Amino acid sequence: MQQWDKIKEEGLAIIRHADNLSRIEQVRIDLLGKKGQIQDLMKQMKDLDNHQKPLFGKMVNELKQLFEEEISIKKNELEETKILTDLKKDQIDISLDGDDALVAQLHPLTIVQKEVESIFMNMGYQIVEGPEVELDLYNFERANIPMNHPARDMQDTFYIDLQWLLRTHTTAIQTRVLETKANNLPIKVICPGKTYRRDDDDATHSHQFTQMEGLVVGEGINLADLKGTLEMMVKKLFGESRTIRLRPSYFQFTEPSMEVDVSCFNCNGLGCHICKKTGWIEILGAGMVHPKVLEMAGIDFRKYSGFAFGMGVERVAMLKYGIDDIRNFYLNDMRFLSNFDRFE
Ligand code: DAH
């Protein structure tokens, strides 16, 4: 019995002293494995008298069970400790300064474009785009711009060949829409896009710029519709207290044609450096679609009429954000680009 207790106490002691997972596994093999202590005891059974065998067997089994339980408890303990020490090792110091991540923002031109688009989408307009490499047909011919017009000069337009060019205005999308929707009236579209002209770049000119074309065609569309629509847009873009004024002008694709000014939001019409002391700022060209333009697209100009307008997005963005050089939009300078709120 004394020897028995010794085996038990020694076994429990080495279990208790195991201080890592590989050690406890080794202890398990030593005590419970095929060549372990419990097996050794089992082997001794054959040397015993028959009447001693059942008691001995019972005691070996109890010892085995005890070791199994104690090893399992110890193993769980060690696993838990290991997880905790591993976690401690991997701990992140959240008080350390992180690296600044650059959060993407929208380009100011995109912000203005999206703002205008949402104003018109709320009035039921569709957004339509067109190709930047355009046919002379849609850019000039269908816009009623004759062969001898200066805009068609090699000095003003990027020609690719005699037929193809980089579109000089989004009016090219207008003439395409008129053609594709000629038998599907009414039309209510906003057409944003990049446009190109052979200008020398300076503070107010860029060989690449952005326009937004508006076009509405249907029965009984008149100048009052145009004026009301533009007034609404200007108030949403520049503030409720803005008003507009129409000045007679000339475009080949509209009749009558006009230039549209917005009352100066800097001086409220009193006259300042932004409005060049006039109280008004020019923001877009507009007019009633020329009957010839409708006719060339296959639309009956006796039955239908329409209005159109074309707006420079850079100009609106410059006015809205007080930017004084158009080249800023195309320099990709993060110090400039990070100044604009994200469009919600
Ligand atoms: N296409 C003209 C330009 O680039 C702008 C314009 C004026 C567009 C009057 C129109 C319009 O649709 O009706 O200067």
# chains A, B, ... in the order shown; residues from 1 in each chain; ligands from 1
call {"tool": "residues_near_ligand", "arguments": {"ligand": "ligand 1", "cutoff": "7 Å", "atoms": "only C-alpha atoms and all ligand atoms", "output": "MDAnalysis selection string"}}
result
chainID A and resid 168:171 213:215 251 253:254 257 284:289 307:311
call {"tool": "residues_around", "arguments": {"residues": "A:Leu270", "least_positions_apart": "2", "cutoff": "6 Å", "atoms": "only C-alpha atoms", "output": "VMD selection string"}}
result
chain A and resid 267 to 268 279
call {"tool": "residues_around", "arguments": {"residues": "A:Gln252", "least_positions_apart": "3", "cutoff": "9 Å", "atoms": "only C-alpha atoms", "output": "list in words"}}
result
Ala143, Asn144, Ile145, Pro146, Glu255, Ser257 and His290 of chain A
call {"tool": "select_by_dssp", "arguments": {"residues": "stretch 10-251 of chain A", "states": "strand (DSSP E)", "output": "ChimeraX atom specification"}}
result
/A:126-127,133-135,164-166,187-196,208-218,244-249
call {"tool": "select_by_dssp", "arguments": {"residues": "stretch 40-286 of chain A", "states": "helix (DSSP H, G or I)", "output": "count of residues only"}}
result
95
call {"tool": "closest_residue", "arguments": {"among": "A:Gln52, A:Gln37, A:Asn148, A:Thr175", "to": "A:Val189", "atoms": "only C-alpha atoms"}}
result
A:Thr175
call {"tool": "closest_atom_pairs", "arguments": {"of": "stretch 12-50 of chain A", "to": "stretch 82-105 of chain A", "cutoff": "12 Å", "atoms": "only C-alpha atoms", "output": "tab-separated table"}}
result
residue	atom	partner	partner_atom	distance
A:Asp19	CA	A:Lys82	CA	10.4
A:Asn20	CA	A:Lys82	CA	8.3
A:Leu21	CA	A:Lys82	CA	8.5
A:Ser22	CA	A:Lys82	CA	11.7
call {"tool": "residues_around", "arguments": {"residues": "A:Met45", "least_positions_apart": "6", "cutoff": "9 Å", "atoms": "only C-alpha atoms", "output": "PDB file with N, CA and C atoms, in the first residue's frame"}}
result
ATOM      1  N   GLN A  52      -6.196 -11.860  -5.468  1.00  0.00           N
ATOM      2  CA  GLN A  52      -5.706 -10.463  -5.339  1.00  0.00           C
ATOM      3  C   GLN A  52      -5.986  -9.640  -6.617  1.00  0.00           C
ATOM      4  N   LYS A  53      -6.187 -10.435  -7.692  1.00  0.00           N
ATOM      5  CA  LYS A  53      -6.270  -9.748  -9.004  1.00  0.00           C
ATOM      6  C   LYS A  53      -7.378  -8.685  -9.120  1.00  0.00           C
ATOM      7  N   PHE A  56      -6.533  -5.483  -7.208  1.00  0.00           N
ATOM      8  CA  PHE A  56      -5.400  -4.812  -7.849  1.00  0.00           C
ATOM      9  C   PHE A  56      -5.846  -4.107  -9.142  1.00  0.00           C
ATOM     10  N   GLY A  57      -6.618  -4.865  -9.917  1.00  0.00           N
ATOM     11  CA  GLY A  57      -7.123  -4.292 -11.173  1.00  0.00           C
ATOM     12  C   GLY A  57      -7.945  -3.041 -10.925  1.00  0.00           C
TER      13      GLY A  57
END
call {"tool": "decode", "arguments": {"residues": "stretch 83-97 of chain A", "atoms": "N, CA, C and O atoms", "output": "short mmCIF file (atom, residue, chain, number, x, y, z; two decimals), in the first residue's frame"}}
result
data_model
loop_
_atom_site.label_atom_id
_atom_site.label_comp_id
_atom_site.auth_asym_id
_atom_site.auth_seq_id
_atom_site.Cartn_x
_atom_site.Cartn_y
_atom_site.Cartn_z
N ILE A 83 -2.67 30.80 -24.56
CA ILE A 83 -3.46 31.79 -25.31
C ILE A 83 -3.23 33.19 -24.76
O ILE A 83 -3.00 34.15 -25.50
N LEU A 84 -3.23 33.28 -23.42
CA LEU A 84 -3.05 34.60 -22.81
C LEU A 84 -1.67 35.19 -23.10
O LEU A 84 -1.56 36.37 -23.44
N THR A 85 -0.63 34.33 -23.04
CA THR A 85 0.71 34.88 -23.31
C THR A 85 0.85 35.25 -24.79
O THR A 85 1.44 36.26 -25.13
N ASP A 86 0.26 34.40 -25.67
CA ASP A 86 0.29 34.74 -27.11
C ASP A 86 -0.39 36.07 -27.37
O ASP A 86 0.10 36.90 -28.13
N LEU A 87 -1.56 36.25 -26.73
CA LEU A 87 -2.29 37.50 -26.92
C LEU A 87 -1.47 38.69 -26.46
O LEU A 87 -1.42 39.73 -27.11
N LYS A 88 -0.81 38.51 -25.34
CA LYS A 88 -0.01 39.59 -24.79
C LYS A 88 1.12 39.96 -25.75
O LYS A 88 1.41 41.13 -25.99
N LYS A 89 1.71 38.90 -26.33
CA LYS A 89 2.81 39.13 -27.27
C LYS A 89 2.34 39.94 -28.48
O LYS A 89 3.04 40.79 -29.00
N ASP A 90 1.09 39.63 -28.96
CA ASP A 90 0.57 40.29 -30.16
C ASP A 90 -0.15 41.60 -29.87
O ASP A 90 -0.73 42.19 -30.76
N GLN A 91 -0.14 42.01 -28.64
CA GLN A 91 -0.95 43.18 -28.30
C GLN A 91 -0.52 44.42 -29.08
O GLN A 91 0.67 44.66 -29.29
N ILE A 92 -1.54 45.17 -29.56
CA ILE A 92 -1.24 46.39 -30.32
C ILE A 92 -1.36 47.57 -29.37
O ILE A 92 -2.31 47.68 -28.62
N ASP A 93 -0.38 48.44 -29.45
CA ASP A 93 -0.44 49.63 -28.62
C ASP A 93 -1.30 50.67 -29.31
O ASP A 93 -0.85 51.37 -30.22
N ILE A 94 -2.56 50.77 -28.84
CA ILE A 94 -3.48 51.67 -29.56
C ILE A 94 -3.20 53.13 -29.24
O ILE A 94 -3.77 54.03 -29.85
N SER A 95 -2.29 53.40 -28.32
CA SER A 95 -1.98 54.80 -28.03
C SER A 95 -0.90 55.33 -28.98
O SER A 95 -0.66 56.53 -29.05
N LEU A 96 -0.30 54.41 -29.78
CA LEU A 96 0.72 54.87 -30.74
C LEU A 96 0.07 55.62 -31.90
O LEU A 96 -1.01 55.26 -32.34
N ASP A 97 0.75 56.66 -32.40
CA ASP A 97 0.24 57.36 -33.58
C ASP A 97 0.30 56.44 -34.78
O ASP A 97 1.32 55.81 -35.03
#
